[in-house]
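**Student:** Handing over data_11.cif, mmCIF, C-alpha atoms.
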```cif
data_structure
loop_
_atom_site.group_PDB
_atom_site.id
_atom_site.type_symbol
_atom_site.label_atom_id
_atom_site.label_comp_id
_atom_site.auth_asym_id
_atom_site.auth_seq_id
_atom_site.Cartn_x
_atom_site.Cartn_y
_atom_site.Cartn_z
ATOM 1 C CA MET A 1 117.293 121.437 102.113
ATOM 2 C CA GLU A 2 115.378 118.945 99.957
ATOM 3 C CA ALA A 3 111.674 118.822 100.816
ATOM 4 C CA ARG A 4 109.830 115.517 100.774
ATOM 5 C CA PHE A 5 106.982 116.064 98.350
ATOM 6 C CA ALA A 6 104.281 113.822 99.721
ATOM 7 C CA GLU A 7 103.846 110.374 101.064
ATOM 8 C CA PRO A 8 103.492 107.568 98.487
ATOM 9 C CA SER A 9 99.804 106.923 99.269
ATOM 10 C CA VAL A 10 98.819 110.455 98.251
ATOM 11 C CA LEU A 11 100.881 110.257 95.086
ATOM 12 C CA ILE A 12 99.249 106.940 94.172
ATOM 13 C CA LEU A 13 95.740 108.285 94.784
ATOM 14 C CA ALA A 14 96.509 111.419 92.780
ATOM 15 C CA SER A 15 97.855 109.309 89.915
ATOM 16 C CA LEU A 16 94.886 106.921 89.925
ATOM 17 C CA SER A 17 92.524 109.920 89.743
ATOM 18 C CA SER A 18 93.231 110.059 86.006
ATOM 19 C CA GLY A 19 92.296 106.395 85.511
ATOM 20 C CA PRO A 20 93.303 102.823 86.465
ATOM 21 C CA LYS A 21 97.003 101.936 86.247
ATOM 22 C CA HIS A 22 99.232 98.965 87.001
ATOM 23 C CA GLY A 23 102.452 99.182 89.030
ATOM 24 C CA TYR A 24 104.867 100.245 86.295
ATOM 25 C CA ALA A 25 102.426 102.798 84.826
ATOM 26 C CA LEU A 26 101.882 104.219 88.319
ATOM 27 C CA ILE A 27 105.607 104.635 88.921
ATOM 28 C CA LYS A 28 106.135 106.354 85.584
ATOM 29 C CA ASP A 29 103.121 108.652 86.020
ATOM 30 C CA ILE A 30 104.174 109.660 89.555
ATOM 31 C CA GLU A 31 107.689 110.370 88.304
ATOM 32 C CA GLU A 32 106.293 112.639 85.609
ATOM 33 C CA MET A 33 103.663 114.291 87.834
ATOM 34 C CA ALA A 34 105.698 114.873 91.011
ATOM 35 C CA GLY A 35 109.302 114.077 90.165
ATOM 36 C CA ALA A 36 109.267 111.349 92.827
ATOM 37 C CA ARG A 37 110.901 108.000 91.976
ATOM 38 C CA LEU A 38 109.009 105.364 93.953
ATOM 39 C CA GLY A 39 110.634 101.961 94.320
ATOM 40 C CA PRO A 40 108.690 98.715 93.830
ATOM 41 C CA GLY A 41 108.696 97.873 97.557
ATOM 42 C CA THR A 42 107.492 101.331 98.531
ATOM 43 C CA LEU A 43 104.752 101.244 95.887
ATOM 44 C CA TYR A 44 103.399 97.849 96.918
ATOM 45 C CA GLY A 45 103.644 98.644 100.633
ATOM 46 C CA ALA A 46 101.447 101.695 100.027
ATOM 47 C CA LEU A 47 99.110 99.844 97.622
ATOM 48 C CA THR A 48 98.551 97.117 100.246
ATOM 49 C CA ARG A 49 97.620 99.748 102.817
ATOM 50 C CA LEU A 50 95.317 101.585 100.380
ATOM 51 C CA GLU A 51 93.567 98.406 99.256
ATOM 52 C CA ARG A 52 93.040 97.257 102.823
ATOM 53 C CA GLY A 53 91.604 100.681 103.676
ATOM 54 C CA GLY A 54 89.196 100.473 100.717
ATOM 55 C CA LEU A 55 90.761 103.515 99.042
ATOM 56 C CA VAL A 56 91.807 101.608 95.891
ATOM 57 C CA GLU A 57 90.589 98.371 94.346
ATOM 58 C CA ALA A 58 92.277 95.801 92.154
ATOM 59 C CA LEU A 59 90.958 95.073 88.656
ATOM 60 C CA PRO A 60 91.419 91.740 86.829
ATOM 61 C CA ALA A 61 95.101 91.136 86.011
ATOM 62 C CA GLN A 62 96.360 91.530 82.436
ATOM 63 C CA ASP A 63 99.230 89.039 82.091
ATOM 64 C CA ARG A 64 100.981 89.499 85.400
ATOM 65 C CA ARG A 65 100.255 93.232 85.594
ATOM 66 C CA ARG A 66 97.240 94.078 87.728
ATOM 67 C CA PRO A 67 95.675 97.534 87.301
ATOM 68 C CA TYR A 68 94.300 99.418 90.318
ATOM 69 C CA ARG A 69 91.420 101.870 90.424
ATOM 70 C CA ILE A 70 90.673 104.607 92.941
ATOM 71 C CA THR A 71 87.403 104.089 94.885
ATOM 72 C CA PRO A 72 84.916 106.878 95.786
ATOM 73 C CA ALA A 73 86.272 106.714 99.372
ATOM 74 C CA GLY A 74 89.824 107.047 98.021
ATOM 75 C CA ALA A 75 88.854 110.045 95.899
ATOM 76 C CA ALA A 76 87.209 111.730 98.894
ATOM 77 C CA ALA A 77 90.244 111.059 101.127
ATOM 78 C CA ALA A 78 92.678 112.372 98.501
ATOM 79 C CA ARG A 79 90.548 115.462 97.898
ATOM 80 C CA ALA A 80 90.315 116.238 101.637
ATOM 81 C CA TYR A 81 94.068 115.804 102.102
ATOM 82 C CA LEU A 82 95.042 117.854 99.055
ATOM 83 C CA GLU A 83 92.621 120.664 99.960
ATOM 84 C CA HIS A 84 94.157 120.772 103.425
ATOM 85 C CA VAL A 85 97.657 120.925 101.937
ATOM 86 C CA GLN A 86 96.492 123.659 99.562
ATOM 87 C CA ARG A 87 95.114 125.752 102.446
ATOM 88 C CA VAL A 88 98.388 125.389 104.348
ATOM 89 C CA ALA A 89 100.362 126.229 101.193
ATOM 90 C CA VAL A 90 98.341 129.406 100.515
ATOM 91 C CA VAL A 91 98.739 130.685 104.080
ATOM 92 C CA GLY A 92 102.407 129.613 104.232
ATOM 93 C CA LEU A 93 103.256 131.366 100.946
ATOM 94 C CA LYS A 94 101.455 134.548 102.034
ATOM 95 C CA ARG A 95 103.443 134.599 105.273
ATOM 96 C CA LEU A 96 106.677 133.945 103.424
ATOM 97 C CA GLU A 97 105.919 136.898 101.116
ATOM 98 C CA ALA A 98 105.465 139.154 104.136
ATOM 99 C CA TYR A 99 108.684 137.757 105.627
ATOM 100 C CA SER A 100 110.769 138.579 102.568
ATOM 101 C CA MET B 1 115.740 89.544 92.932
ATOM 102 C CA LYS B 2 113.192 86.760 93.379
ATOM 103 C CA TRP B 3 114.751 85.761 96.682
ATOM 104 C CA LEU B 4 114.187 89.272 98.052
ATOM 105 C CA ILE B 5 110.461 88.924 97.381
ATOM 106 C CA ARG B 6 110.594 85.879 99.663
ATOM 107 C CA LEU B 7 111.192 88.324 102.524
ATOM 108 C CA TYR B 8 107.514 89.299 102.264
ATOM 109 C CA PRO B 9 104.924 87.347 104.310
ATOM 110 C CA ALA B 10 103.719 84.172 102.538
ATOM 111 C CA ARG B 11 100.053 85.209 102.445
ATOM 112 C CA TRP B 12 100.983 88.627 101.054
ATOM 113 C CA ARG B 13 103.124 86.970 98.367
ATOM 114 C CA GLU B 14 100.206 84.822 97.255
ATOM 115 C CA ARG B 15 98.206 87.966 96.516
ATOM 116 C CA TYR B 16 100.832 90.486 95.353
ATOM 117 C CA GLY B 17 104.014 88.452 94.710
ATOM 118 C CA GLY B 18 103.460 87.883 90.973
ATOM 119 C CA GLU B 19 102.687 91.541 90.305
ATOM 120 C CA LEU B 20 105.667 92.738 92.315
ATOM 121 C CA GLU B 21 107.964 90.335 90.485
ATOM 122 C CA GLN B 22 106.686 91.636 87.152
ATOM 123 C CA LEU B 23 107.157 95.246 88.272
ATOM 124 C CA VAL B 24 110.758 94.531 89.309
ATOM 125 C CA ARG B 25 111.336 92.962 85.876
ATOM 126 C CA ASP B 26 109.853 96.062 84.181
ATOM 127 C CA LEU B 27 111.999 98.430 86.253
ATOM 128 C CA ARG B 28 115.319 96.564 85.963
ATOM 129 C CA PRO B 29 116.509 98.203 82.701
ATOM 130 C CA SER B 30 116.112 101.742 84.069
ATOM 131 C CA ARG B 31 116.975 101.360 87.777
ATOM 132 C CA SER B 32 120.031 100.213 89.700
ATOM 133 C CA THR B 33 119.860 96.696 91.117
ATOM 134 C CA ALA B 34 121.070 97.918 94.532
ATOM 135 C CA GLY B 35 118.365 100.609 94.668
ATOM 136 C CA ILE B 36 115.610 98.124 93.817
ATOM 137 C CA ALA B 37 116.987 95.587 96.323
ATOM 138 C CA LEU B 38 117.122 98.152 99.121
ATOM 139 C CA ASP B 39 113.582 99.297 98.382
ATOM 140 C CA LEU B 40 112.304 95.701 98.370
ATOM 141 C CA VAL B 41 113.831 95.088 101.815
ATOM 142 C CA LYS B 42 112.269 98.315 103.095
ATOM 143 C CA GLY B 43 108.926 97.335 101.560
ATOM 144 C CA ALA B 44 109.068 93.837 103.107
ATOM 145 C CA PHE B 45 109.666 95.376 106.521
ATOM 146 C CA ASP B 46 106.744 97.771 105.973
ATOM 147 C CA VAL B 47 104.382 94.920 105.024
ATOM 148 C CA HIS B 48 105.512 92.810 108.010
ATOM 149 C CA VAL B 49 104.825 95.750 110.317
ATOM 150 C CA GLN B 50 101.421 96.288 108.667
ATOM 151 C CA GLN B 51 100.555 92.644 109.321
ATOM 152 C CA GLY B 52 101.919 92.701 112.878
ATOM 153 C CA ILE B 53 104.831 90.363 111.916
ATOM 154 C CA GLY B 54 102.275 87.567 111.618
ATOM 155 C CA LEU B 55 101.580 87.588 115.339
ATOM 156 C CA GLN B 56 98.408 86.211 116.863
ATOM 157 C CA VAL B 57 96.520 88.055 119.611
ATOM 158 C CA GLY B 58 98.076 85.760 122.264
ATOM 159 C CA ASP B 59 101.590 86.531 120.989
ATOM 160 C CA ARG B 60 101.026 90.281 121.181
ATOM 161 C CA LYS B 61 99.595 89.910 124.682
ATOM 162 C CA ALA B 62 102.671 87.900 125.739
ATOM 163 C CA ILE B 63 105.034 90.544 124.326
ATOM 164 C CA LYS B 64 103.150 93.344 126.095
ATOM 165 C CA ARG B 65 103.304 91.440 129.403
ATOM 166 C CA GLY B 66 107.018 90.849 128.843
ATOM 167 C CA MET B 67 107.533 94.576 128.304
ATOM 168 C CA VAL B 68 105.685 95.421 131.527
ATOM 169 C CA ILE B 69 107.808 92.875 133.434
ATOM 170 C CA ALA B 70 110.982 94.272 131.840
ATOM 171 C CA GLY B 71 109.976 97.804 132.851
ATOM 172 C CA ALA B 72 109.409 96.726 136.460
ATOM 173 C CA VAL B 73 112.736 94.846 136.579
ATOM 174 C CA TRP B 74 114.553 97.842 135.113
ATOM 175 C CA LEU B 75 113.074 100.182 137.740
ATOM 176 C CA GLY B 76 114.228 97.810 140.501
ATOM 177 C CA LEU B 77 117.697 97.436 138.990
ATOM 178 C CA SER B 78 118.029 101.189 138.513
ATOM 179 C CA ALA B 79 117.202 101.782 142.167
ATOM 180 C CA GLU B 80 119.766 99.148 143.182
ATOM 181 C CA ILE B 81 122.427 100.603 140.856
ATOM 182 C CA PHE B 82 121.798 104.086 142.251
ATOM 183 C CA VAL B 83 121.960 102.942 145.879
ATOM 184 C CA VAL B 84 125.066 100.765 145.455
ATOM 185 C CA ASN B 85 127.004 103.303 143.351
ATOM 186 C CA VAL B 86 125.868 106.686 144.666
ATOM 187 C CA VAL B 87 124.000 106.549 147.988
ATOM 188 C CA LEU B 88 126.058 103.854 149.740
ATOM 189 C CA PRO B 89 129.136 103.581 147.543
ATOM 190 C CA SER B 90 131.620 100.871 148.384
ATOM 191 C CA GLN B 91 135.265 101.341 147.427
ATOM 192 C CA SER B 92 136.025 97.649 147.790
ATOM 193 C CA ASP B 93 134.968 95.029 145.193
ATOM 194 C CA ASP B 94 132.537 93.086 147.375
ATOM 195 C CA GLU B 95 129.566 93.574 145.018
ATOM 196 C CA LEU B 96 129.491 89.934 143.953
ATOM 197 C CA LEU B 97 126.406 89.089 145.996
ATOM 198 C CA SER B 98 124.363 92.057 144.777
ATOM 199 C CA VAL B 99 125.372 91.379 141.143
ATOM 200 C CA LEU B 100 124.461 87.705 141.527
ATOM 201 C CA ALA B 101 121.113 88.614 143.093
ATOM 202 C CA SER B 102 120.415 91.068 140.246
ATOM 203 C CA TYR B 103 121.114 88.455 137.571
ATOM 204 C CA LEU B 104 118.947 85.898 139.380
ATOM 205 C CA CYS B 105 116.083 88.420 139.488
ATOM 206 C CA ILE B 106 116.489 89.109 135.765
ATOM 207 C CA PHE B 107 116.515 85.401 134.889
ATOM 208 C CA ALA B 108 113.460 84.785 137.083
ATOM 209 C CA ALA B 109 111.633 87.678 135.392
ATOM 210 C CA LEU B 110 112.441 86.316 131.925
ATOM 211 C CA PHE B 111 111.258 82.859 132.959
ATOM 212 C CA LEU B 112 108.083 84.477 134.325
ATOM 213 C CA THR B 113 107.572 86.157 130.942
ATOM 214 C CA GLY B 114 107.270 82.721 129.327
ATOM 215 C CA LEU B 115 105.220 81.351 132.187
ATOM 216 C CA LEU B 116 102.673 84.168 131.787
ATOM 217 C CA ALA B 117 102.681 83.786 128.006
ATOM 218 C CA ALA B 118 101.305 80.241 128.295
ATOM 219 C CA PRO B 119 97.849 81.243 129.632
ATOM 220 C CA ALA B 120 97.663 83.880 126.863
ATOM 221 C CA ASP B 121 97.894 80.987 124.355
ATOM 222 C CA ALA B 122 101.027 82.436 122.763
ATOM 223 C CA SER B 123 102.715 80.391 120.037
ATOM 224 C CA LEU B 124 106.363 79.308 120.190
ATOM 225 C CA LYS B 125 107.255 82.419 118.159
ATOM 226 C CA GLY B 126 105.318 84.546 120.666
ATOM 227 C CA HIS B 127 107.208 83.031 123.612
ATOM 228 C CA LEU B 128 110.582 83.553 121.961
ATOM 229 C CA LEU B 129 109.779 87.116 120.885
ATOM 230 C CA ALA B 130 108.357 88.046 124.303
ATOM 231 C CA GLY B 131 111.581 86.862 125.981
ATOM 232 C CA LEU B 132 113.782 88.487 123.334
ATOM 233 C CA VAL B 133 112.026 91.849 123.660
ATOM 234 C CA ALA B 134 111.934 91.721 127.481
ATOM 235 C CA GLY B 135 115.603 90.668 127.755
ATOM 236 C CA SER B 136 116.850 93.255 125.261
ATOM 237 C CA MET B 137 114.784 95.938 126.970
ATOM 238 C CA ILE B 138 116.233 95.109 130.390
ATOM 239 C CA GLY B 139 119.757 95.058 128.914
ATOM 240 C CA ALA B 140 119.506 98.315 126.984
ATOM 241 C CA LEU B 141 117.690 100.227 129.730
ATOM 242 C CA THR B 142 120.075 98.999 132.448
ATOM 243 C CA ALA B 143 123.059 100.074 130.345
ATOM 244 C CA ALA B 144 121.375 103.483 129.967
ATOM 245 C CA THR B 145 120.994 103.692 133.759
ATOM 246 C CA PHE B 146 124.698 102.916 134.198
ATOM 247 C CA ALA B 147 125.515 105.613 131.630
ATOM 248 C CA VAL B 148 123.480 108.213 133.543
ATOM 249 C CA VAL B 149 124.775 107.215 136.994
ATOM 250 C CA ASP B 150 128.418 106.957 135.893
ATOM 251 C CA ASN B 151 128.397 110.294 134.075
ATOM 252 C CA VAL B 152 126.279 112.359 136.463
ATOM 253 C CA TRP B 153 127.971 111.085 139.651
ATOM 254 C CA LEU B 154 131.402 110.553 138.124
ATOM 255 C CA ASP B 155 133.159 112.042 141.166
ATOM 256 C CA ILE B 156 131.678 109.283 143.380
ATOM 257 C CA VAL B 157 131.856 106.400 140.868
ATOM 258 C CA ALA B 158 135.492 107.229 140.025
ATOM 259 C CA LEU B 159 136.528 106.329 143.589
ATOM 260 C CA GLN B 160 135.718 102.621 143.055
ATOM 261 C CA GLN B 161 138.853 100.493 143.236
ATOM 262 C CA SER B 162 138.012 98.547 140.066
ATOM 263 C CA LYS B 163 137.557 101.799 138.122
ATOM 264 C CA ILE B 164 140.840 103.241 139.407
ATOM 265 C CA GLU B 165 142.771 100.099 138.465
ATOM 266 C CA GLY B 166 141.020 99.750 135.103
ATOM 267 C CA PHE B 167 141.668 103.393 134.236
ATOM 268 C CA ALA B 168 145.369 103.082 135.180
ATOM 269 C CA GLN B 169 145.800 100.142 132.786
ATOM 270 C CA SER B 170 143.592 101.480 129.988
ATOM 271 C CA GLY B 171 145.676 104.359 128.672
ATOM 272 C CA ALA B 172 142.463 106.425 128.332
ATOM 273 C CA GLY B 173 142.766 110.215 128.476
ATOM 274 C CA SER B 174 140.268 110.659 131.296
ATOM 275 C CA MET B 175 138.184 108.606 133.716
ATOM 276 C CA ARG B 176 135.010 109.675 131.850
ATOM 277 C CA GLU B 177 136.442 108.419 128.539
ATOM 278 C CA PHE B 178 137.470 105.107 130.158
ATOM 279 C CA ILE B 179 134.025 104.605 131.719
ATOM 280 C CA ASN B 180 132.101 105.504 128.573
ATOM 281 C CA LYS B 181 134.205 103.183 126.402
ATOM 282 C CA GLY B 182 133.414 100.378 128.819
ATOM 283 C CA LEU B 183 129.722 101.289 128.761
ATOM 284 C CA VAL B 184 129.481 100.731 124.992
ATOM 285 C CA GLY B 185 130.697 97.149 125.396
ATOM 286 C CA LEU B 186 128.435 96.648 128.394
ATOM 287 C CA ALA B 187 125.407 97.928 126.452
ATOM 288 C CA VAL B 188 126.038 95.507 123.567
ATOM 289 C CA PHE B 189 126.738 92.598 125.932
ATOM 290 C CA LEU B 190 123.647 93.210 128.078
ATOM 291 C CA THR B 191 121.265 93.888 125.185
ATOM 292 C CA VAL B 192 122.340 90.952 123.024
ATOM 293 C CA GLY B 193 123.095 88.549 125.892
ATOM 294 C CA LEU B 194 119.890 89.191 127.801
ATOM 295 C CA GLY B 195 117.905 89.196 124.546
ATOM 296 C CA VAL B 196 119.115 85.725 123.600
ATOM 297 C CA GLY B 197 118.953 84.491 127.204
ATOM 298 C CA GLY B 198 115.478 85.983 127.496
ATOM 299 C CA ALA B 199 114.229 84.061 124.462
ATOM 300 C CA ILE B 200 115.558 80.777 125.913
ATOM 301 C CA LEU B 201 114.239 81.403 129.439
ATOM 302 C CA SER B 202 110.858 82.546 128.142
ATOM 303 C CA TRP B 203 110.617 79.395 126.043
ATOM 304 C CA ALA B 204 111.469 77.298 129.147
ATOM 305 C CA GLY B 205 108.865 79.214 131.175
ATOM 306 C CA GLY B 206 106.324 78.521 128.435
ATOM 307 C CA VAL B 207 107.078 74.776 128.517
ATOM 308 C CA VAL B 208 106.593 74.704 132.318
ATOM 309 C CA GLY B 209 103.451 76.856 132.054
ATOM 310 C CA ARG B 210 101.869 74.637 129.410
ATOM 311 C CA HIS B 211 102.788 71.496 131.362
ATOM 312 C CA GLY B 212 101.204 73.022 134.482
ATOM 313 C CA ARG B 213 98.033 73.852 132.570
ATOM 314 C CA LEU B 214 97.815 70.350 131.109
ATOM 315 C CA THR B 215 98.381 68.740 134.517
ATOM 316 C CA GLY B 216 95.796 71.069 136.066
ATOM 317 C CA THR B 217 93.274 70.200 133.368
ATOM 318 C CA THR B 218 93.909 66.466 133.810
ATOM 319 C CA VAL B 219 93.566 66.699 137.610
ATOM 320 C CA ALA B 220 90.372 68.739 137.255
ATOM 321 C CA SER B 221 88.842 66.287 134.758
ATOM 322 C CA THR B 222 89.722 63.194 136.857
ATOM 323 C CA SER B 223 88.305 64.724 140.047
ATOM 324 C CA THR B 224 84.937 65.518 138.399
#
```
As structure tokens, please, write out the structure in this file.
**Tutor:**
Amino acid sequence: MEARFAEPSVLILASLSSGPKHGYALIKDIEEMAGARLGPGTLYGALTRLERGGLVEALPAQDRRRPYRITPAGAAAARAYLEHVQRVAVVGLKRLEAYS
Amino acid sequence: MKWLIRLYPARWRERYGGELEQLVRDLRPSRSTAGIALDLVKGAFDVHVQQGIGLQVGDRKAIKRGMVIAGAVWLGLSAEIFVVNVVLPSQSDDELLSVLASYLCIFAALFLTGLLAAPADASLKGHLLAGLVAGSMIGALTAATFAVVDNVWLDIVALQQSKIEGFAQSGAGSMREFINKGLVGLAVFLTVGLGVGGAILSWAGGVVGRHGRLTGTTVASTST
């Protein structure tokens, strides 16, 4: 069974935590970081949602490539989500150890 | 690929279209065209859903009202289907009147959907969508009711003359198989047919509703 790693929004926020990136740089970084190949439609669907929610903000465009930056609210949301996932992972792995 | 970006809402394209086009250009050498195309279609659908398919408040209200009407009509039809097929089953084919009455009720309900959409200030798109959703809902749910009734009470339904004759000519292996094959066609016919009919009737109801409002306003202003 192939597990879905995480939803695109979390991957985008995690990627932007290391600095502003435009669409192509985001896709490449996420591929390297999580092994997930996001498509352009998926990326921009998630970016629209994140920008509307105030979790990322657009910077001035360079040519036709516009970089995005994570906001303090975005960083807090990503941290809260990832800490929750981490807690679940720790407990889950402990239980799996006992199971095997 | 540019034409696929046109699937996105116009206002969204103004803001993100250029960037997305550039990203597609950057990705083309390393990704399959089909994969990118599929993802763009998925993304366009996602953005439309995020923006409520460009619907105004009045349109959404009209669609919700249409869904409530469709639910009520379906409950009534289900009761009628249950009574006619299970409680008081008739082995002869004299159901013409009840079928005609059912269709008239459905058409009236779809017309009412448009009529009620007018006071909600729904746009033309809102009227059409409200009728489409209500009609498709009635069609799909009614087909589901037939599927339940025909399969659960097969021993009663199978005694209908039309079913016996149809089964004899069908070459199907069993009465259940014959009935279920027919139900697939019925489901498609009812869902698509009532969806399209619903859009037209709702539009007509909207025209009458708006005309009534205008006449009412004119009468009110001349009498004051």
**Student:** Would you kindly report the residues of chain A within 8 Å of chain B, using only C-alpha atoms, as JSON, numbers by chain?
**Tutor:** {"A": [23, 24, 39, 40, 41, 42, 44, 45, 48, 49, 64, 65, 66]}
**Student:** Would you work out the distance separating CA of Ala117 in chain B from CA of Ala62 in chain B, expressed in Å to one decimal?
**Tutor:** 4.7 Å
**Student:** Find the spatial neighbours of Gly74 in chain A, counting all atoms listed in the file, within a cut-off of 10 Å - ignore same-chain residues fewer than 4 positions away - and output them as a PDB file with C-alpha atoms, in the coordinates of the input.
**Tutor:**
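Final output, saved to around-v5.pdb:
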```
ATOM      1  CA  VAL A  10      98.819 110.455  98.251  1.00  0.00           C
ATOM      2  CA  LEU A  13      95.740 108.285  94.784  1.00  0.00           C
ATOM      3  CA  ALA A  14      96.509 111.419  92.780  1.00  0.00           C
ATOM      4  CA  LEU A  16      94.886 106.921  89.925  1.00  0.00           C
ATOM      5  CA  SER A  17      92.524 109.920  89.743  1.00  0.00           C
ATOM      6  CA  LEU A  50      95.317 101.585 100.380  1.00  0.00           C
ATOM      7  CA  GLU A  51      93.567  98.406  99.256  1.00  0.00           C
ATOM      8  CA  GLY A  53      91.604 100.681 103.676  1.00  0.00           C
ATOM      9  CA  GLY A  54      89.196 100.473 100.717  1.00  0.00           C
ATOM     10  CA  LEU A  55      90.761 103.515  99.042  1.00  0.00           C
ATOM     11  CA  VAL A  56      91.807 101.608  95.891  1.00  0.00           C
ATOM     12  CA  GLU A  57      90.589  98.371  94.346  1.00  0.00           C
ATOM     13  CA  ARG A  69      91.420 101.870  90.424  1.00  0.00           C
ATOM     14  CA  ILE A  70      90.673 104.607  92.941  1.00  0.00           C
ATOM     15  CA  ALA A  78      92.678 112.372  98.501  1.00  0.00           C
ATOM     16  CA  ARG A  79      90.548 115.462  97.898  1.00  0.00           C
ATOM     17  CA  ALA A  80      90.315 116.238 101.637  1.00  0.00           C
TER      18      ALA A  80
END
```
**Student:** In Å, with one decimal, what is the gap from CA of Ile164 in chain B to CA of Leu75 in chain B?
**Tutor:**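 Those two atoms sit 28.0 Å apart.
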**Student:** So how many Å separate CA of Ala61 in chain A and CA of Pro20 in chain A, to one decimal?
**Tutor:**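 Distance between the two atoms: 11.8 Å.
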**Student:** Enclose range 109-127 of chain B, meaning all of its atoms listed in the file, in a box aligned along x, y and z, pad it by 4 Å on each side, and list the centre and edge lengths in Å to one decimal, as lines of an AutoDock Vina configuration file.
**Tutor:**
```
center_x = 105.1
center_y = 83.5
center_z = 126.8
size_x = 22.8
size_y = 16.4
size_z = 25.2
```
**Student:** Using the chain letters and numbers from the file, which residues does the PyMOL selection byres ((chain A and resi 31-35) around 10) grab, as a list in words?
**Tutor:**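 Evaluating the PyMOL selection byres ((chain A and resi 31-35) around 10) on these coordinates yields Phe5, Ala6, Leu11, Ala14, Ser15, Ala25, Leu26, Ile27, Lys28, Asp29, Ile30, Ala36, Arg37 and Leu38 of chain A.
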